[in-house]
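Structure data follow from data.cif (mmCIF, C-alpha atoms):
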```cif
data_data
#
loop_
_atom_site.label_atom_id
_atom_site.label_comp_id
_atom_site.auth_asym_id
_atom_site.auth_seq_id
_atom_site.Cartn_x
_atom_site.Cartn_y
_atom_site.Cartn_z
CA MET H 710 -62.20 14.39 52.57
CA ARG H 711 -61.88 11.82 55.30
CA SER H 712 -61.38 8.92 52.91
CA GLU H 713 -58.28 10.64 51.52
CA HIS H 714 -56.68 10.25 54.93
CA VAL H 715 -57.92 6.74 55.60
CA ARG H 716 -57.23 5.16 52.23
CA PRO H 717 -53.39 5.31 52.38
CA TRP H 718 -53.47 3.62 55.76
CA LEU H 719 -55.76 0.90 54.44
CA ALA H 720 -53.27 0.41 51.62
CA THR H 721 -50.50 0.10 54.21
CA ALA H 722 -52.50 -2.54 56.07
CA ALA H 723 -53.08 -4.41 52.80
CA ARG H 724 -49.36 -4.28 52.01
CA LEU H 725 -48.42 -5.68 55.42
CA LEU H 726 -51.06 -8.43 55.20
CA LEU H 727 -50.19 -9.59 51.68
CA GLY H 728 -46.44 -9.09 52.14
CA GLY H 729 -46.44 -10.94 55.45
CA VAL H 730 -48.42 -13.88 54.09
CA LEU H 731 -46.22 -14.17 50.99
CA VAL H 732 -42.90 -13.95 52.83
CA VAL H 733 -43.95 -16.52 55.43
CA ALA H 734 -45.51 -18.86 52.86
CA GLY H 735 -42.45 -18.62 50.61
CA ALA H 736 -39.87 -18.98 53.38
CA LEU H 737 -41.54 -22.10 54.82
CA LYS H 738 -41.03 -23.89 51.50
CA PHE H 739 -37.23 -23.58 51.58
CA PRO H 740 -36.10 -25.87 54.43
CA ASP H 741 -37.25 -29.13 52.79
CA PRO H 742 -36.89 -28.89 49.00
CA ALA H 743 -37.77 -32.56 48.44
CA ALA H 744 -41.09 -32.03 50.23
CA ALA H 745 -41.72 -28.94 48.10
CA GLU H 746 -41.29 -31.07 44.98
CA ARG H 747 -43.69 -33.70 46.30
CA ALA H 748 -46.24 -31.01 47.17
CA VAL H 749 -46.13 -29.67 43.59
CA ARG H 750 -46.24 -33.17 42.14
CA ALA H 751 -49.29 -34.02 44.25
CA TYR H 752 -51.39 -31.59 42.19
CA GLN H 753 -50.74 -33.82 39.16
CA LEU H 754 -50.83 -30.79 36.88
CA LEU H 755 -47.25 -30.33 35.73
CA PRO H 756 -45.01 -32.58 33.62
CA GLU H 757 -42.07 -33.93 35.61
CA PRO H 758 -39.39 -31.60 34.11
CA LEU H 759 -41.35 -28.57 35.39
CA VAL H 760 -41.90 -29.86 38.92
CA ALA H 761 -38.53 -28.87 40.38
CA PRO H 762 -38.34 -25.39 38.77
CA VAL H 763 -41.83 -24.56 40.03
CA ALA H 764 -41.25 -26.10 43.47
CA PHE H 765 -38.05 -24.09 43.94
CA GLY H 766 -38.79 -20.95 41.88
CA LEU H 767 -42.30 -20.14 43.04
CA PRO H 768 -41.32 -19.66 46.71
CA ALA H 769 -38.56 -17.28 45.57
CA VAL H 770 -41.11 -15.22 43.64
CA GLU H 771 -43.38 -15.20 46.70
CA VAL H 772 -40.57 -13.92 48.94
CA VAL H 773 -39.42 -11.21 46.49
CA VAL H 774 -42.95 -9.93 45.87
CA GLY H 775 -43.71 -10.12 49.58
CA LEU H 776 -40.60 -8.12 50.50
CA ALA H 777 -41.49 -5.47 47.90
CA LEU H 778 -44.93 -5.12 49.50
CA LEU H 779 -43.56 -4.96 53.04
CA ALA H 780 -40.99 -2.35 52.05
CA GLY H 781 -43.38 -0.39 49.89
CA VAL H 782 -41.43 -0.54 46.64
CA ALA H 783 -43.22 -0.87 43.29
CA VAL H 784 -46.42 -1.53 45.20
CA ARG H 785 -48.76 -1.55 42.20
CA ALA H 786 -46.61 -4.03 40.28
CA ALA H 787 -46.17 -6.19 43.38
CA ALA H 788 -49.91 -6.12 44.06
CA LEU H 789 -50.62 -7.20 40.50
CA ALA H 790 -48.03 -9.98 40.82
CA THR H 791 -49.74 -11.07 44.04
CA ALA H 792 -53.08 -11.18 42.25
CA VAL H 793 -51.55 -13.33 39.49
CA LEU H 794 -50.06 -15.70 42.10
CA MET H 795 -53.41 -16.00 43.89
CA VAL H 796 -55.18 -16.82 40.61
CA LEU H 797 -52.57 -19.54 39.93
CA PHE H 798 -53.01 -20.97 43.44
CA LEU H 799 -56.79 -20.88 43.10
CA VAL H 800 -56.62 -22.72 39.77
CA GLY H 801 -54.43 -25.38 41.41
CA ILE H 802 -56.60 -25.80 44.50
CA VAL H 803 -59.95 -25.74 42.72
CA SER H 804 -58.74 -28.19 40.08
CA ALA H 805 -57.44 -30.57 42.77
CA TRP H 806 -60.82 -30.23 44.49
CA ALA H 807 -62.74 -30.83 41.26
CA ARG H 808 -60.65 -33.88 40.40
CA GLY H 809 -61.31 -35.36 43.82
CA LEU H 810 -57.65 -35.41 44.86
CA GLN H 811 -57.12 -35.57 48.60
CA ILE H 812 -54.20 -33.24 49.12
CA ASP H 813 -53.09 -30.44 51.36
CA CYS H 814 -52.43 -27.33 49.29
CA GLY H 815 -48.85 -27.07 50.57
CA CYS H 816 -49.44 -23.33 50.73
CA PHE H 817 -47.28 -22.94 53.82
CA GLY H 818 -44.83 -25.78 53.23
CA GLY H 819 -45.78 -29.40 53.77
CA GLY H 820 -48.39 -30.55 51.31
CA GLY H 821 -49.14 -33.88 49.78
CA GLN H 822 -51.95 -36.24 50.52
CA VAL H 823 -54.21 -36.04 53.54
CA ALA H 824 -56.99 -38.24 54.79
CA ALA H 825 -60.37 -37.84 53.11
CA GLY H 826 -61.82 -35.85 56.01
CA ASP H 827 -58.80 -33.59 56.32
CA THR H 828 -58.95 -31.68 53.07
CA ARG H 829 -59.59 -27.98 53.57
CA TYR H 830 -60.39 -26.93 50.03
CA LEU H 831 -63.20 -24.57 51.01
CA SER H 832 -61.19 -22.58 53.53
CA GLU H 833 -58.13 -22.59 51.26
CA THR H 834 -60.26 -21.28 48.38
CA LEU H 835 -61.92 -18.60 50.52
CA ARG H 836 -58.60 -17.47 51.94
CA ASP H 837 -56.94 -17.12 48.54
CA THR H 838 -60.02 -15.40 47.10
CA GLY H 839 -59.94 -12.89 49.95
CA LEU H 840 -56.23 -12.24 49.40
CA LEU H 841 -56.88 -11.87 45.65
CA LEU H 842 -59.50 -9.17 46.30
CA VAL H 843 -57.16 -7.33 48.69
CA ALA H 844 -54.38 -7.50 46.09
CA LEU H 845 -56.63 -6.12 43.35
CA ALA H 846 -57.78 -3.27 45.61
CA LEU H 847 -54.15 -2.47 46.43
CA ALA H 848 -53.28 -2.43 42.73
CA ARG H 849 -56.13 0.04 42.17
CA TRP H 850 -55.12 2.32 45.09
CA PRO H 851 -51.40 1.64 45.69
CA ARG H 852 -50.54 4.89 47.47
CA SER H 853 -49.84 4.08 51.10
CA ARG H 854 -48.15 5.33 54.24
CA LEU H 855 -44.83 4.01 55.56
CA ALA H 856 -43.65 3.09 52.08
CA LEU H 857 -39.99 3.21 51.10
CA ALA H 858 -40.64 4.61 47.63
CA PRO H 859 -44.07 6.28 47.68
CA ARG H 860 -43.06 8.82 44.98
CA LEU H 861 -42.70 6.04 42.43
CA GLU H 862 -46.39 5.26 42.66
CA PRO H 863 -48.51 6.70 39.90
CA ALA H 864 -50.99 9.34 41.01
CA THR H 865 -54.34 7.82 41.91
CA PRO H 866 -56.75 8.75 39.15
CA MET U 1011 -52.19 45.70 17.22
CA SER U 1012 -49.67 47.66 19.28
CA THR U 1013 -46.02 46.69 19.49
CA SER U 1014 -46.27 46.03 23.21
CA SER U 1015 -49.20 43.65 22.86
CA LYS U 1016 -47.36 41.80 20.07
CA LYS U 1017 -44.38 41.39 22.40
CA GLU U 1018 -46.71 40.23 25.14
CA ALA U 1019 -48.22 37.56 22.86
CA ALA U 1020 -44.77 36.39 21.79
CA ARG U 1021 -43.66 36.11 25.41
CA GLN U 1022 -46.73 34.09 26.19
CA ARG U 1023 -46.08 31.72 23.29
CA ILE U 1024 -42.50 31.22 24.45
CA ALA U 1025 -43.65 30.55 28.02
CA GLU U 1026 -46.22 28.05 26.79
CA ARG U 1027 -43.64 26.26 24.68
CA ARG U 1028 -41.23 26.09 27.61
CA ALA U 1029 -43.93 24.74 29.88
CA ALA U 1030 -44.79 22.11 27.28
CA GLU U 1031 -41.12 21.15 26.94
CA ALA U 1032 -40.75 20.88 30.70
CA ALA U 1033 -43.83 18.70 30.91
CA ALA U 1034 -42.50 16.50 28.11
CA ARG U 1035 -39.16 16.21 29.91
CA ALA U 1036 -40.89 15.29 33.14
CA ALA U 1037 -43.02 12.71 31.34
CA GLU U 1038 -39.91 11.31 29.67
CA GLN U 1039 -38.19 11.12 33.07
CA ARG U 1040 -41.16 9.32 34.59
CA ARG U 1041 -41.27 6.93 31.67
CA ARG U 1042 -37.56 6.22 32.00
CA ARG U 1043 -37.90 5.71 35.73
CA THR U 1044 -40.74 3.25 35.17
CA VAL U 1045 -38.73 1.33 32.56
CA VAL U 1046 -35.61 1.24 34.73
CA GLY U 1047 -37.69 0.22 37.74
CA GLY U 1048 -39.39 -2.51 35.73
CA VAL U 1049 -36.08 -3.85 34.45
CA VAL U 1050 -34.55 -3.81 37.94
CA ALA U 1051 -37.60 -5.59 39.38
CA ALA U 1052 -37.53 -8.22 36.63
CA VAL U 1053 -33.80 -8.79 37.15
CA VAL U 1054 -34.27 -9.15 40.92
CA VAL U 1055 -37.06 -11.70 40.43
CA VAL U 1056 -35.13 -13.69 37.81
CA VAL U 1057 -31.95 -13.74 39.92
CA ALA U 1058 -33.89 -14.85 43.01
CA VAL U 1059 -35.63 -17.63 41.06
CA VAL U 1060 -32.42 -18.86 39.42
CA VAL U 1061 -30.50 -18.83 42.71
CA ALA U 1062 -33.34 -20.68 44.47
CA ILE U 1063 -33.52 -23.33 41.74
CA VAL U 1064 -29.75 -23.85 41.69
CA VAL U 1065 -29.40 -24.03 45.48
CA GLN U 1066 -32.44 -26.26 46.03
CA THR U 1067 -31.51 -28.56 43.14
CA GLY U 1068 -28.09 -28.95 44.74
CA ARG U 1069 -29.71 -29.79 48.06
CA THR U 1070 -31.97 -32.47 46.56
CA SER U 1071 -29.49 -34.07 44.18
CA THR U 1072 -28.07 -37.42 45.09
CA ALA U 1073 -24.91 -39.08 43.85
CA ALA U 1074 -25.44 -40.68 40.44
CA ASP U 1075 -23.53 -43.72 41.66
CA ALA U 1076 -25.49 -43.96 44.91
CA ALA U 1077 -25.08 -47.36 46.53
CA SER U 1078 -28.04 -49.68 45.93
CA PRO U 1079 -28.97 -52.49 48.28
CA GLY U 1080 -28.97 -56.10 47.09
CA ASN U 1081 -31.98 -58.41 46.74
CA LEU U 1082 -34.14 -55.74 45.11
CA SER U 1083 -37.25 -56.92 43.22
CA ALA U 1084 -36.23 -58.51 39.93
CA GLY U 1085 -37.47 -56.34 37.07
CA GLY U 1086 -38.61 -53.66 39.51
CA ASN U 1087 -37.77 -49.97 39.49
CA GLY U 1088 -34.76 -50.41 41.75
CA TYR U 1089 -36.47 -49.27 44.93
CA THR U 1090 -38.60 -52.23 45.97
CA PHE U 1091 -38.30 -55.53 47.78
CA SER U 1092 -40.64 -58.41 46.90
CA VAL U 1093 -41.81 -61.28 49.03
CA GLY U 1094 -43.78 -64.27 47.72
CA THR U 1095 -44.59 -65.55 44.27
CA GLY U 1096 -48.38 -65.25 44.11
CA PRO U 1097 -50.21 -64.16 40.93
CA VAL U 1098 -51.74 -61.02 42.48
CA THR U 1099 -49.31 -58.17 43.13
CA VAL U 1100 -49.87 -56.04 46.21
CA ASP U 1101 -47.76 -52.86 46.21
CA VAL U 1102 -47.38 -51.32 49.64
CA TYR U 1103 -46.02 -47.77 49.99
CA GLU U 1104 -45.09 -47.09 53.58
CA ASP U 1105 -43.00 -44.91 55.85
CA PHE U 1106 -41.76 -46.61 59.01
CA GLN U 1107 -42.64 -43.49 61.02
CA CYS U 1108 -46.18 -43.16 59.62
CA PRO U 1109 -48.87 -43.93 62.22
CA ASN U 1110 -51.50 -44.69 59.55
CA CYS U 1111 -49.12 -47.29 58.14
CA ARG U 1112 -48.90 -48.93 61.54
CA ASP U 1113 -52.70 -48.87 61.71
CA PHE U 1114 -52.78 -50.66 58.35
CA GLU U 1115 -50.19 -53.18 59.54
CA ASP U 1116 -52.18 -53.78 62.73
CA ALA U 1117 -55.43 -54.20 60.83
CA ALA U 1118 -54.35 -56.07 57.70
CA GLY U 1119 -50.63 -56.86 57.95
CA SER U 1120 -51.04 -60.44 59.12
CA THR U 1121 -53.80 -61.07 56.54
CA LEU U 1122 -51.48 -59.79 53.83
CA GLU U 1123 -48.67 -62.08 54.95
CA GLN U 1124 -51.05 -65.07 55.13
CA LEU U 1125 -52.17 -64.35 51.57
CA GLN U 1126 -48.52 -64.25 50.55
CA GLN U 1127 -47.64 -67.48 52.38
CA SER U 1128 -50.61 -69.28 50.85
CA GLY U 1129 -49.27 -68.33 47.42
CA ALA U 1130 -52.07 -65.91 46.52
CA VAL U 1131 -50.08 -62.69 46.40
CA THR U 1132 -46.65 -61.22 45.86
CA ILE U 1133 -45.99 -58.31 48.22
CA VAL U 1134 -43.90 -55.49 46.81
CA TYR U 1135 -42.62 -53.18 49.54
CA HIS U 1136 -41.97 -49.57 48.48
CA GLY U 1137 -40.25 -47.79 51.33
CA MET U 1138 -40.62 -44.03 51.64
CA ALA U 1139 -39.00 -41.59 54.05
CA PHE U 1140 -40.71 -38.24 54.35
CA LEU U 1141 -41.35 -37.92 58.07
CA ASP U 1142 -37.81 -37.00 59.06
CA SER U 1143 -37.49 -34.36 61.73
CA SER U 1144 -34.77 -33.09 64.00
CA ARG U 1145 -36.72 -34.47 66.97
CA ASN U 1146 -36.77 -38.02 65.62
CA ASP U 1147 -33.21 -37.64 64.30
CA ASP U 1148 -34.39 -38.35 60.75
CA TYR U 1149 -35.91 -41.65 61.85
CA SER U 1150 -37.77 -42.27 58.56
CA THR U 1151 -34.52 -42.25 56.62
CA ARG U 1152 -32.56 -44.23 59.22
CA ALA U 1153 -35.30 -46.89 59.41
CA LEU U 1154 -35.60 -47.40 55.65
CA ASN U 1155 -31.81 -47.45 55.30
CA ALA U 1156 -31.65 -50.11 58.01
CA ALA U 1157 -34.37 -52.14 56.26
CA ALA U 1158 -32.39 -51.99 53.02
CA VAL U 1159 -29.28 -53.15 54.90
CA VAL U 1160 -31.26 -56.07 56.30
CA ALA U 1161 -32.59 -57.05 52.85
CA SER U 1162 -29.11 -56.79 51.38
CA ASP U 1163 -27.59 -58.94 54.05
CA ALA U 1164 -30.26 -61.54 54.71
CA GLY U 1165 -32.84 -61.38 51.94
CA THR U 1166 -36.39 -60.13 51.59
CA ALA U 1167 -37.92 -62.50 54.14
CA ALA U 1168 -35.67 -60.83 56.71
CA TYR U 1169 -36.79 -57.45 55.35
CA GLN U 1170 -40.39 -58.45 56.03
CA GLU U 1171 -39.52 -59.62 59.52
CA PHE U 1172 -37.63 -56.39 60.25
CA HIS U 1173 -40.51 -54.38 58.77
CA ASP U 1174 -42.94 -56.09 61.16
CA LEU U 1175 -40.64 -55.45 64.13
CA LEU U 1176 -40.37 -51.75 63.32
CA TYR U 1177 -44.15 -51.34 63.10
CA ALA U 1178 -44.66 -53.30 66.31
CA ASN U 1179 -42.20 -50.95 68.02
CA GLN U 1180 -43.00 -47.73 66.21
CA PRO U 1181 -42.18 -44.59 68.22
CA ASP U 1182 -44.86 -41.88 68.33
CA GLU U 1183 -44.68 -39.58 65.34
CA GLN U 1184 -45.44 -36.41 67.30
CA THR U 1185 -43.72 -36.99 70.61
CA GLY U 1186 -41.28 -39.85 70.00
CA SER U 1187 -37.63 -39.43 69.16
CA GLY U 1188 -37.33 -42.38 66.77
CA LEU U 1189 -35.63 -45.67 67.49
CA THR U 1190 -31.90 -45.30 68.09
CA ASP U 1191 -29.32 -46.81 65.75
CA ASP U 1192 -28.54 -49.33 68.49
CA GLN U 1193 -32.18 -50.42 68.56
CA LEU U 1194 -32.26 -50.68 64.77
CA VAL U 1195 -29.15 -52.86 64.84
CA ALA U 1196 -30.70 -55.09 67.51
CA TYR U 1197 -33.91 -55.54 65.51
CA ALA U 1198 -31.87 -56.21 62.38
CA GLN U 1199 -30.08 -59.03 64.14
CA GLN U 1200 -33.36 -60.33 65.50
CA ALA U 1201 -34.66 -60.39 61.91
CA GLY U 1202 -31.69 -62.47 60.86
CA ALA U 1203 -29.27 -59.90 59.48
CA THR U 1204 -26.15 -60.97 61.28
CA GLY U 1205 -23.45 -59.99 58.77
CA GLU U 1206 -20.46 -58.16 60.15
CA ASP U 1207 -21.13 -54.98 58.15
CA VAL U 1208 -24.79 -54.68 59.22
CA ALA U 1209 -24.17 -52.45 62.23
CA THR U 1210 -21.80 -50.09 60.40
CA ASP U 1211 -24.05 -49.91 57.34
CA ILE U 1212 -27.00 -48.97 59.54
CA ARG U 1213 -25.06 -46.34 61.47
CA ASP U 1214 -23.36 -44.86 58.39
CA LEU U 1215 -26.58 -44.57 56.35
CA VAL U 1216 -24.85 -46.43 53.58
CA TYR U 1217 -28.04 -46.32 51.47
CA GLY U 1218 -28.98 -42.74 52.43
CA ASP U 1219 -29.03 -41.44 48.85
CA TRP U 1220 -30.95 -44.52 47.71
CA VAL U 1221 -33.57 -43.80 50.39
CA GLU U 1222 -33.95 -40.25 49.07
CA ASP U 1223 -34.28 -41.52 45.50
CA ALA U 1224 -36.78 -44.17 46.59
CA THR U 1225 -38.97 -41.50 48.20
CA ASP U 1226 -38.73 -39.42 45.04
CA GLN U 1227 -39.63 -42.45 42.92
CA ALA U 1228 -42.75 -43.13 44.99
CA SER U 1229 -43.83 -39.52 44.55
CA LYS U 1230 -43.30 -39.91 40.79
CA ASP U 1231 -45.42 -43.07 40.94
CA GLY U 1232 -48.24 -40.73 41.98
CA VAL U 1233 -48.15 -41.68 45.62
CA THR U 1234 -48.86 -38.61 47.74
CA GLY U 1235 -49.38 -40.21 51.12
CA THR U 1236 -48.92 -43.38 53.09
CA PRO U 1237 -50.04 -46.04 53.36
CA THR U 1238 -50.88 -46.43 49.69
CA VAL U 1239 -51.77 -50.01 48.81
CA LEU U 1240 -52.26 -51.16 45.23
CA VAL U 1241 -53.83 -54.52 44.45
CA ASP U 1242 -52.77 -55.39 40.90
CA GLY U 1243 -52.35 -51.68 40.30
CA THR U 1244 -55.72 -50.59 41.70
CA LYS U 1245 -55.66 -48.41 44.77
CA LEU U 1246 -57.16 -50.09 47.81
CA THR U 1247 -59.60 -47.75 49.54
CA ASP U 1248 -60.80 -50.06 52.31
CA LEU U 1249 -57.61 -50.67 54.26
CA SER U 1250 -59.11 -53.29 56.56
CA ALA U 1251 -58.29 -57.00 56.52
CA ASP U 1252 -61.62 -57.75 54.81
CA GLY U 1253 -61.12 -54.94 52.31
CA LEU U 1254 -57.73 -56.35 51.39
CA ARG U 1255 -58.96 -59.96 51.16
CA THR U 1256 -61.92 -58.96 48.97
CA ALA U 1257 -59.73 -56.90 46.65
CA VAL U 1258 -57.24 -59.76 46.29
CA GLU U 1259 -60.05 -62.26 45.56
CA ASP U 1260 -61.52 -59.91 42.96
CA ALA U 1261 -58.11 -59.45 41.35
CA ALA U 1262 -57.51 -63.19 41.28
CA GLY U 1263 -60.82 -63.53 39.40
#
```
Whole structure given in structure tokens:
Amino acid sequence: MRSEHVRPWLATAARLLLGGVLVVAGALKFPDPAAAERAVRAYQLLPEPLVAPVAFGLPAVEVVVGLALLAGVAVRAAALATAVLMVLFLVGIVSAWARGLQIDCGCFGGGGQVAAGDTRYLSETLRDTGLLLVALALARWPRSRLALAPRLEPATP
Amino acid sequence: MSTSSKKEAARQRIAERRAAEAAARAAEQRRRRTVVGGVVAAVVVVVAVVVAIVVQTGRTSTAADAASPGNLSAGGNGYTFSVGTGPVTVDVYEDFQCPNCRDFEDAAGSTLEQLQQSGAVTIVYHGMAFLDSSRNDDYSTRALNAAAVVASDAGTAAYQEFHDLLYANQPDEQTGSGLTDDQLVAYAQQAGATGEDVATDIRDLVYGDWVEDATDQASKDGVTGTPTVLVDGTKLTDLSADGLRTAVEDAAG
């Protein structure tokens, strides 16, 4: 079957896409921790004691999960973790949108308020939805080429 | 049944049992590998998160006994300077490097100061510094520190004067390299801060930690961008001179 040959390469492409996005997005939030806190606070969702742990911890999770995907270790678990992250981001973005906040998502560092015409909620939502679907597909078919630990993946049913 | 076929059946049973045992062992091994892998992954994630939180908390923490400037607003949160005594309070959150803040100052700054001089409003300046970059040599922080030095040395009227000078001479956010410390000192003197420590306090960022805390406080106040202008606590959406005047008249009742 042709698809048996193609599918692992598609999974590899999905790993590189998701892993690359997560590592870059996570890494960009490290240089300015105070800005990361303000970006989280701008969503007005978390009580103050949780702002710093989320602002500093979430990028670390992004980087670890992203590295696992790039390396090809525990791909199914990492893909599921990616899907969970995307759902969390979508909840944050859509709720900010629904509440009429005018903020940048801070997805790749930065964040905080932007001018009324500069919000990009639609494209941010579409992007994260697309990444969520890719992550779910990768969790369903995690076997891929160029993976460090392909034998650890469960056989595809 | 013949002896040989009995033996054959027995051999088969033994082989089946062995195969079953081997499969069980393999399954057990897989299970253990999954558990170990899961534990390792969880530990890696937890360690990364804890390290990130500890390191980043260390990078954002400021000295508990950070130096505070003098002449702060009486009864304020410790990060504001007030000018005027009018009944309507106008809170202004600004960053000296923010081009939209300069636009607001150009459009409504003089109206605001007229309203204050006529006794209609009290202006409460909330400085913020979040537009630091290596290109502008952390100009946001240096500018707000210098403004705090000016207020400390010469009072809040001098702060206002210095504030106006910095907006009138604001370097470009994208291409500028910030005003130099020498320029800040010169404007401070022009605004009336002539104390002997003014120059050193500006150059040494004597209120650097206070600036960081002030920015944090503004974010906690719910301010996510600048300029944010509150007229008696209500956010001003029309940042023109007329918008400001109307909002102040409405607040005055």
* Once you count all atoms listed in the file, which residues of chain U turn out to be within 9 Å of chain H? Could you give them as a count of residues only? -> 31
* Using the chain letters and numbering of this document, enumerate as a list in words the residues selected by the PyMOL selection byres ((chain U and resi 1079-1086) around 8). =>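 That selection, the PyMOL selection byres ((chain U and resi 1079-1086) around 8), comes back as Ala1077, Ser1078, Asn1087, Gly1088, Tyr1089, Thr1090, Phe1091, Ser1092, Val1134, Ala1158, Val1159, Ala1161, Ser1162, Asp1163, Gly1165, Thr1166 and Tyr1217 of chain U.
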* Picked residues, the PyMOL selection byres ((chain H and resi 845) around 12), expected as a VMD selection string -> chain H and resid 720 723 to 724 727 784 to 796 838 to 844 846 to 851
* Leaving out Glu1171 (chain U) and any residue of its chain fewer than 3 positions from it, which residues lie within 10 Å of it when counting only C-alpha atoms, given as a PyMOL selection string? -> chain U and resi 1157+1160-1161+1166-1168+1174-1176+1197-1198+1200-1202
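If you look at CA of Gly1253 (chain U) and CA of Leu1122 (chain U), they are 10.9 Å away from each other.
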* **Two-atom distance - CA of Thr1190 (chain U), CA of Arg1213 (chain U) (Å)** =>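 Distance reported for this atom pair: 9.6 Å.
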Please return the centre and edge lengths, in Å to one decimal, of a box with edges along x, y and z that contains all listed atoms of region 1125-1131 of chain U, widened by 3 Å on every side, as JSON.
```
{"center_x": -49.9, "center_y": -66.0, "center_z": 49.4, "size_x": 10.5, "size_y": 12.6, "size_z": 12.0}
```
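Reported to one decimal place, the separation of CA of Val1131 (chain U) from CA of Ala1164 (chain U) is 21.5 Å.
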* Asked: Neighbours of Gly728 (chain H) within 6 Å (only C-alpha atoms; same-chain residues fewer than 6 positions away dropped), as JSON, numbers by chain?
  -> {"H": [775, 778, 779]}
Is there a way to get, as a tab-separated table (two decimals) with C-alpha atoms, in the frame of the given file, all residues within 12 Å of the point (-39.6, -33.5, 59.1) in file coordinates, counting only C-alpha atoms?
```
chain	number	residue	atom	x	y	z
H	740	PRO	CA	-36.10	-25.87	54.43
H	741	ASP	CA	-37.25	-29.13	52.79
H	742	PRO	CA	-36.89	-28.89	49.00
H	743	ALA	CA	-37.77	-32.56	48.44
H	744	ALA	CA	-41.09	-32.03	50.23
H	818	GLY	CA	-44.83	-25.78	53.23
H	819	GLY	CA	-45.78	-29.40	53.77
U	1107	GLN	CA	-42.64	-43.49	61.02
U	1108	CYS	CA	-46.18	-43.16	59.62
U	1139	ALA	CA	-39.00	-41.59	54.05
U	1140	PHE	CA	-40.71	-38.24	54.35
U	1141	LEU	CA	-41.35	-37.92	58.07
U	1142	ASP	CA	-37.81	-37.00	59.06
U	1143	SER	CA	-37.49	-34.36	61.73
U	1144	SER	CA	-34.77	-33.09	64.00
U	1145	ARG	CA	-36.72	-34.47	66.97
U	1146	ASN	CA	-36.77	-38.02	65.62
U	1147	ASP	CA	-33.21	-37.64	64.30
U	1148	ASP	CA	-34.39	-38.35	60.75
U	1149	TYR	CA	-35.91	-41.65	61.85
U	1150	SER	CA	-37.77	-42.27	58.56
U	1151	THR	CA	-34.52	-42.25	56.62
U	1183	GLU	CA	-44.68	-39.58	65.34
U	1184	GLN	CA	-45.44	-36.41	67.30
U	1187	SER	CA	-37.63	-39.43	69.16
U	1188	GLY	CA	-37.33	-42.38	66.77
```
* **Residue list as an NGL selection string for point (-57.3, -57.0, 48.1), cut-off 12 Å, all atoms listed in the file** => :U and (1098-1102 or 1118-1119 or 1121-1122 or 1125-1126 or 1130-1133 or 1239-1263)
* **Reference answer for the PyMOL selection byres ((chain H and resi 834) around 10), as a ChimeraX atom specification** => /H:795,798-803,806,814,829-833,835-840
Quick one: write out the picked residues with C-alpha atoms as a compact mmCIF listing (two decimals), in the frame of the given file?
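Result went into result_4.txt, see below:
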```txt
# COMPACT_ATOMS: atom_id res chain seq x y z
CA MET H 795 -53.41 -16.00 43.89
CA PHE H 798 -53.01 -20.97 43.44
CA LEU H 799 -56.79 -20.88 43.10
CA VAL H 800 -56.62 -22.72 39.77
CA GLY H 801 -54.43 -25.38 41.41
CA ILE H 802 -56.60 -25.80 44.50
CA VAL H 803 -59.95 -25.74 42.72
CA TRP H 806 -60.82 -30.23 44.49
CA CYS H 814 -52.43 -27.33 49.29
CA ARG H 829 -59.59 -27.98 53.57
CA TYR H 830 -60.39 -26.93 50.03
CA LEU H 831 -63.20 -24.57 51.01
CA SER H 832 -61.19 -22.58 53.53
CA GLU H 833 -58.13 -22.59 51.26
CA LEU H 835 -61.92 -18.60 50.52
CA ARG H 836 -58.60 -17.47 51.94
CA ASP H 837 -56.94 -17.12 48.54
CA THR H 838 -60.02 -15.40 47.10
CA GLY H 839 -59.94 -12.89 49.95
CA LEU H 840 -56.23 -12.24 49.40
```
* Asked: Of the candidates U:Cys1111, U:Val1208, U:Leu1154, U:Val1093, which one gets nearest to Thr1238 (chain U) if we count all atoms listed in the file?
  ->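 Checking each of U:Cys1111, U:Val1208, U:Leu1154, U:Val1093 against Thr1238 (chain U), counting all atoms listed in the file, the winner is U:Cys1111.
Distances to Val732 (chain H) were evaluated for H:Gly809, H:Thr828, H:Leu797, H:Ala780 using all atoms listed in the file, and the minimum falls at H:Ala780.
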